[in-house]
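Working notes, structure below.
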Amino acid sequence: MAYDDENIFAKILRGEIPCDKVFEDDYALAFNDINPQRPVHVLVIPKGRYVDVDDFTANASDAEISGLFRAVGEVANMMGVSDDGYRILSNIGAWGHQEVPHLHIHLFGGADTGPMIKRQD
Ligand code: AMP
């Protein structure tokens, strides 16, 4: 899928739409999810134009890839979720139920995050 510059996270990165920022560095921006599923629900996104994990791992530089994951760790630290534990996930494409076509890592914490995935039966 080609990157759509009009997606909502691209607009947030360009400063056209506000976000509730919790962290920013050269490689990543992190902000609170507008519809939080746990007391802590932060989205960590790369600053580059990447649709999803497939696009990112195929096309991003090593510095961008390590920068994003270091940002995830920084955010977990900042939000104080490491001691009790937390979950990260990234949805990809239709069956992954990805809504926004700019790579984002969800970070959930502050409460038990429940089973890993909904059972099929
Ligand atoms: P996904 O289904 O993985 O693409 O998740 C997209 C996430 O983006 C959802 O959890 C939404 O609540 C969140 N979201 C959408 N628009 C915004 C926004 N303007 N600011 C913060 N989070 C948003």
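Labeling convention for the structure tokens: chains A, B, ... as they appear, residues from 1 per chain, ligands from 1 in order of appearance.
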Write out as number ranges by chain which residues come within 8 Å of His41 (chain A) when counting only C-alpha atoms, dropping same-chain ones fewer than 6 positions away. A: 32-33, 106-109
Residues of chain A that approach ligand 1 to 10 Å or less, counting only C-alpha atoms and all ligand atoms: could you list each one with the shortest pair of atoms and its distance in Å to one decimal, rows by chain and increasing residue number, as JSON lines?
```
{"residue": "A:Asn7", "atom": "CA", "partner": "ligand 1", "partner_atom_place_in_ligand_line": "16 (N)", "distance": 9.4}
{"residue": "A:Ile8", "atom": "CA", "partner": "ligand 1", "partner_atom_place_in_ligand_line": "19 (N)", "distance": 6.3}
{"residue": "A:Phe9", "atom": "CA", "partner": "ligand 1", "partner_atom_place_in_ligand_line": "19 (N)", "distance": 7.1}
{"residue": "A:Lys11", "atom": "CA", "partner": "ligand 1", "partner_atom_place_in_ligand_line": "19 (N)", "distance": 8.9}
{"residue": "A:Ile12", "atom": "CA", "partner": "ligand 1", "partner_atom_place_in_ligand_line": "19 (N)", "distance": 7.4}
{"residue": "A:Ile17", "atom": "CA", "partner": "ligand 1", "partner_atom_place_in_ligand_line": "19 (N)", "distance": 7.3}
{"residue": "A:Pro18", "atom": "CA", "partner": "ligand 1", "partner_atom_place_in_ligand_line": "19 (N)", "distance": 7.4}
{"residue": "A:Cys19", "atom": "CA", "partner": "ligand 1", "partner_atom_place_in_ligand_line": "20 (N)", "distance": 5.7}
{"residue": "A:Asp20", "atom": "CA", "partner": "ligand 1", "partner_atom_place_in_ligand_line": "20 (N)", "distance": 7.5}
{"residue": "A:Lys21", "atom": "CA", "partner": "ligand 1", "partner_atom_place_in_ligand_line": "21 (C)", "distance": 9.4}
{"residue": "A:Ala30", "atom": "CA", "partner": "ligand 1", "partner_atom_place_in_ligand_line": "21 (C)", "distance": 9.6}
{"residue": "A:Phe31", "atom": "CA", "partner": "ligand 1", "partner_atom_place_in_ligand_line": "21 (C)", "distance": 6.7}
{"residue": "A:Asn32", "atom": "CA", "partner": "ligand 1", "partner_atom_place_in_ligand_line": "21 (C)", "distance": 5.9}
{"residue": "A:Asp33", "atom": "CA", "partner": "ligand 1", "partner_atom_place_in_ligand_line": "22 (N)", "distance": 3.8}
{"residue": "A:Ile34", "atom": "CA", "partner": "ligand 1", "partner_atom_place_in_ligand_line": "21 (C)", "distance": 4.0}
{"residue": "A:Asn35", "atom": "CA", "partner": "ligand 1", "partner_atom_place_in_ligand_line": "12 (O)", "distance": 4.2}
{"residue": "A:Pro36", "atom": "CA", "partner": "ligand 1", "partner_atom_place_in_ligand_line": "12 (O)", "distance": 6.6}
{"residue": "A:Gln37", "atom": "CA", "partner": "ligand 1", "partner_atom_place_in_ligand_line": "10 (O)", "distance": 7.8}
{"residue": "A:His41", "atom": "CA", "partner": "ligand 1", "partner_atom_place_in_ligand_line": "10 (O)", "distance": 8.3}
{"residue": "A:Val42", "atom": "CA", "partner": "ligand 1", "partner_atom_place_in_ligand_line": "22 (N)", "distance": 8.2}
{"residue": "A:Leu43", "atom": "CA", "partner": "ligand 1", "partner_atom_place_in_ligand_line": "22 (N)", "distance": 7.1}
{"residue": "A:Asp52", "atom": "CA", "partner": "ligand 1", "partner_atom_place_in_ligand_line": "4 (O)", "distance": 9.5}
{"residue": "A:Leu89", "atom": "CA", "partner": "ligand 1", "partner_atom_place_in_ligand_line": "3 (O)", "distance": 8.1}
{"residue": "A:Ser90", "atom": "CA", "partner": "ligand 1", "partner_atom_place_in_ligand_line": "3 (O)", "distance": 6.0}
{"residue": "A:Asn91", "atom": "CA", "partner": "ligand 1", "partner_atom_place_in_ligand_line": "3 (O)", "distance": 4.7}
{"residue": "A:Ile92", "atom": "CA", "partner": "ligand 1", "partner_atom_place_in_ligand_line": "3 (O)", "distance": 7.4}
{"residue": "A:Gly93", "atom": "CA", "partner": "ligand 1", "partner_atom_place_in_ligand_line": "4 (O)", "distance": 8.6}
{"residue": "A:Ala94", "atom": "CA", "partner": "ligand 1", "partner_atom_place_in_ligand_line": "2 (O)", "distance": 9.6}
{"residue": "A:Gly96", "atom": "CA", "partner": "ligand 1", "partner_atom_place_in_ligand_line": "2 (O)", "distance": 7.8}
{"residue": "A:His97", "atom": "CA", "partner": "ligand 1", "partner_atom_place_in_ligand_line": "2 (O)", "distance": 5.4}
{"residue": "A:Gln98", "atom": "CA", "partner": "ligand 1", "partner_atom_place_in_ligand_line": "4 (O)", "distance": 3.7}
{"residue": "A:Glu99", "atom": "CA", "partner": "ligand 1", "partner_atom_place_in_ligand_line": "4 (O)", "distance": 3.4}
{"residue": "A:Val100", "atom": "CA", "partner": "ligand 1", "partner_atom_place_in_ligand_line": "4 (O)", "distance": 4.1}
{"residue": "A:Pro101", "atom": "CA", "partner": "ligand 1", "partner_atom_place_in_ligand_line": "4 (O)", "distance": 6.7}
{"residue": "A:His102", "atom": "CA", "partner": "ligand 1", "partner_atom_place_in_ligand_line": "4 (O)", "distance": 7.9}
{"residue": "A:Leu103", "atom": "CA", "partner": "ligand 1", "partner_atom_place_in_ligand_line": "4 (O)", "distance": 8.1}
{"residue": "A:His104", "atom": "CA", "partner": "ligand 1", "partner_atom_place_in_ligand_line": "3 (O)", "distance": 6.8}
{"residue": "A:Ile105", "atom": "CA", "partner": "ligand 1", "partner_atom_place_in_ligand_line": "3 (O)", "distance": 7.7}
{"residue": "A:His106", "atom": "CA", "partner": "ligand 1", "partner_atom_place_in_ligand_line": "3 (O)", "distance": 7.1}
```
Can you write just those residues out, C-alpha atoms, as a short mmCIF file (atom, residue, chain, number, x, y, z; two decimals), in the first residue's frame?
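The result, stored in out_8.cif:
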```cif
data_model
loop_
_atom_site.label_atom_id
_atom_site.label_comp_id
_atom_site.auth_asym_id
_atom_site.auth_seq_id
_atom_site.Cartn_x
_atom_site.Cartn_y
_atom_site.Cartn_z
CA ASN A 7 -3.66 10.13 7.10
CA ILE A 8 -4.35 11.53 10.56
CA PHE A 9 -0.95 10.68 12.04
CA LYS A 11 -1.25 15.48 9.94
CA ILE A 12 -0.24 15.19 13.61
CA ILE A 17 -3.77 18.44 14.13
CA PRO A 18 -2.94 18.59 17.85
CA CYS A 19 -2.02 15.57 19.92
CA ASP A 20 -1.51 14.89 23.61
CA LYS A 21 2.25 14.41 23.30
CA ALA A 30 4.44 9.35 21.18
CA PHE A 31 1.02 10.62 22.20
CA ASN A 32 -1.98 9.43 24.19
CA ASP A 33 -4.57 7.47 22.23
CA ILE A 34 -7.76 9.47 21.77
CA ASN A 35 -9.84 6.41 22.77
CA PRO A 36 -7.78 4.74 25.51
CA GLN A 37 -8.33 1.02 26.15
CA HIS A 41 -2.59 3.82 26.14
CA VAL A 42 0.11 5.57 24.16
CA LEU A 43 0.81 5.41 20.43
CA ASP A 52 3.10 -0.50 8.70
CA LEU A 89 1.12 -4.30 19.67
CA SER A 90 0.91 -3.12 16.12
CA ASN A 91 -2.00 -3.84 13.78
CA ILE A 92 -1.22 -4.46 10.13
CA GLY A 93 -3.69 -4.39 7.24
CA ALA A 94 -7.26 -5.63 7.01
CA GLY A 96 -4.95 -6.90 11.66
CA HIS A 97 -7.75 -4.28 11.83
CA GLN A 98 -5.37 -1.41 11.18
CA GLU A 99 -7.35 1.84 11.03
CA VAL A 100 -4.63 4.45 10.52
CA PRO A 101 -2.16 3.76 7.68
CA HIS A 102 0.92 5.15 9.43
CA LEU A 103 2.90 2.63 11.49
CA HIS A 104 2.07 2.89 15.18
CA ILE A 105 2.94 0.84 18.22
CA HIS A 106 0.20 0.72 20.85
#
```
Please indicate the distance in Å from CA of Tyr3 (chain A) to CA of Gly48 (chain A), rounded to one decimal place.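 Calculated distance between CA of Tyr3 (chain A) and CA of Gly48 (chain A) is 10.4 Å.
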As JSON, numbers by chain, list the residues of region 26-117 of chain A assigned to strand (DSSP E) by DSSP on the backbone atoms of this structure. {"A": [28, 29, 30, 31, 32, 40, 41, 42, 43, 44, 45, 46, 87, 88, 89, 105, 106, 107, 108, 109]}
Output the selection as a short mmCIF file (atom, residue, chain, number, x, y, z; two decimals), in the first residue's frame - N, CA, C and O atoms for each residue.
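Everything below was put into again-v3.cif:
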```cif
data_model
loop_
_atom_site.label_atom_id
_atom_site.label_comp_id
_atom_site.auth_asym_id
_atom_site.auth_seq_id
_atom_site.Cartn_x
_atom_site.Cartn_y
_atom_site.Cartn_z
N ALA A 28 10.97 9.48 16.64
CA ALA A 28 9.64 9.04 17.04
C ALA A 28 8.86 10.14 17.75
O ALA A 28 9.43 11.06 18.34
N LEU A 29 7.54 9.99 17.65
CA LEU A 29 6.61 10.83 18.41
C LEU A 29 5.67 9.88 19.14
O LEU A 29 5.25 8.86 18.57
N ALA A 30 5.38 10.18 20.40
CA ALA A 30 4.44 9.35 21.18
C ALA A 30 3.38 10.27 21.77
O ALA A 30 3.68 11.35 22.27
N PHE A 31 2.13 9.80 21.69
CA PHE A 31 1.02 10.62 22.20
C PHE A 31 -0.07 9.68 22.72
O PHE A 31 -0.16 8.51 22.33
N ASN A 32 -0.90 10.23 23.62
CA ASN A 32 -1.98 9.43 24.19
C ASN A 32 -3.03 9.12 23.13
O ASN A 32 -3.42 10.00 22.33
N VAL A 40 -3.19 3.54 30.78
CA VAL A 40 -2.11 4.02 29.92
C VAL A 40 -2.32 3.42 28.53
O VAL A 40 -2.42 2.21 28.38
N HIS A 41 -2.48 4.28 27.54
CA HIS A 41 -2.59 3.82 26.14
C HIS A 41 -1.93 4.89 25.28
O HIS A 41 -2.53 5.93 24.98
N VAL A 42 -0.69 4.62 24.93
CA VAL A 42 0.11 5.57 24.16
C VAL A 42 0.40 4.97 22.79
O VAL A 42 0.60 3.75 22.66
N LEU A 43 0.42 5.81 21.78
CA LEU A 43 0.81 5.41 20.43
C LEU A 43 2.20 5.96 20.16
O LEU A 43 2.44 7.15 20.37
N VAL A 44 3.10 5.09 19.74
CA VAL A 44 4.46 5.50 19.40
C VAL A 44 4.61 5.34 17.90
O VAL A 44 4.40 4.23 17.37
N ILE A 45 4.94 6.43 17.21
CA ILE A 45 5.01 6.38 15.74
C ILE A 45 6.37 6.87 15.25
O ILE A 45 6.98 7.75 15.87
N PRO A 46 6.83 6.30 14.15
CA PRO A 46 8.07 6.81 13.56
C PRO A 46 7.80 8.14 12.87
O PRO A 46 6.68 8.40 12.42
N ARG A 87 1.75 -4.10 27.61
CA ARG A 87 1.71 -4.79 26.31
C ARG A 87 1.96 -3.78 25.20
O ARG A 87 1.47 -2.65 25.25
N ILE A 88 2.71 -4.22 24.17
CA ILE A 88 2.79 -3.43 22.94
C ILE A 88 2.21 -4.28 21.81
O ILE A 88 2.29 -5.51 21.84
N LEU A 89 1.60 -3.59 20.86
CA LEU A 89 1.12 -4.30 19.67
C LEU A 89 1.02 -3.34 18.51
O LEU A 89 0.91 -2.12 18.69
N ILE A 105 2.85 1.86 17.19
CA ILE A 105 2.94 0.84 18.22
C ILE A 105 2.04 1.28 19.36
O ILE A 105 2.23 2.35 19.94
N HIS A 106 1.04 0.44 19.67
CA HIS A 106 0.20 0.72 20.85
C HIS A 106 0.97 0.27 22.08
O HIS A 106 1.55 -0.83 22.09
N LEU A 107 0.93 1.05 23.14
CA LEU A 107 1.51 0.64 24.43
C LEU A 107 0.37 0.75 25.46
O LEU A 107 -0.17 1.85 25.68
N PHE A 108 -0.01 -0.41 26.01
CA PHE A 108 -1.11 -0.47 26.99
C PHE A 108 -0.54 -0.79 28.36
O PHE A 108 0.31 -1.70 28.48
N GLY A 109 -1.02 -0.15 29.38
CA GLY A 109 -0.58 -0.47 30.74
C GLY A 109 -1.45 0.21 31.77
O GLY A 109 -2.51 0.75 31.46
#
```
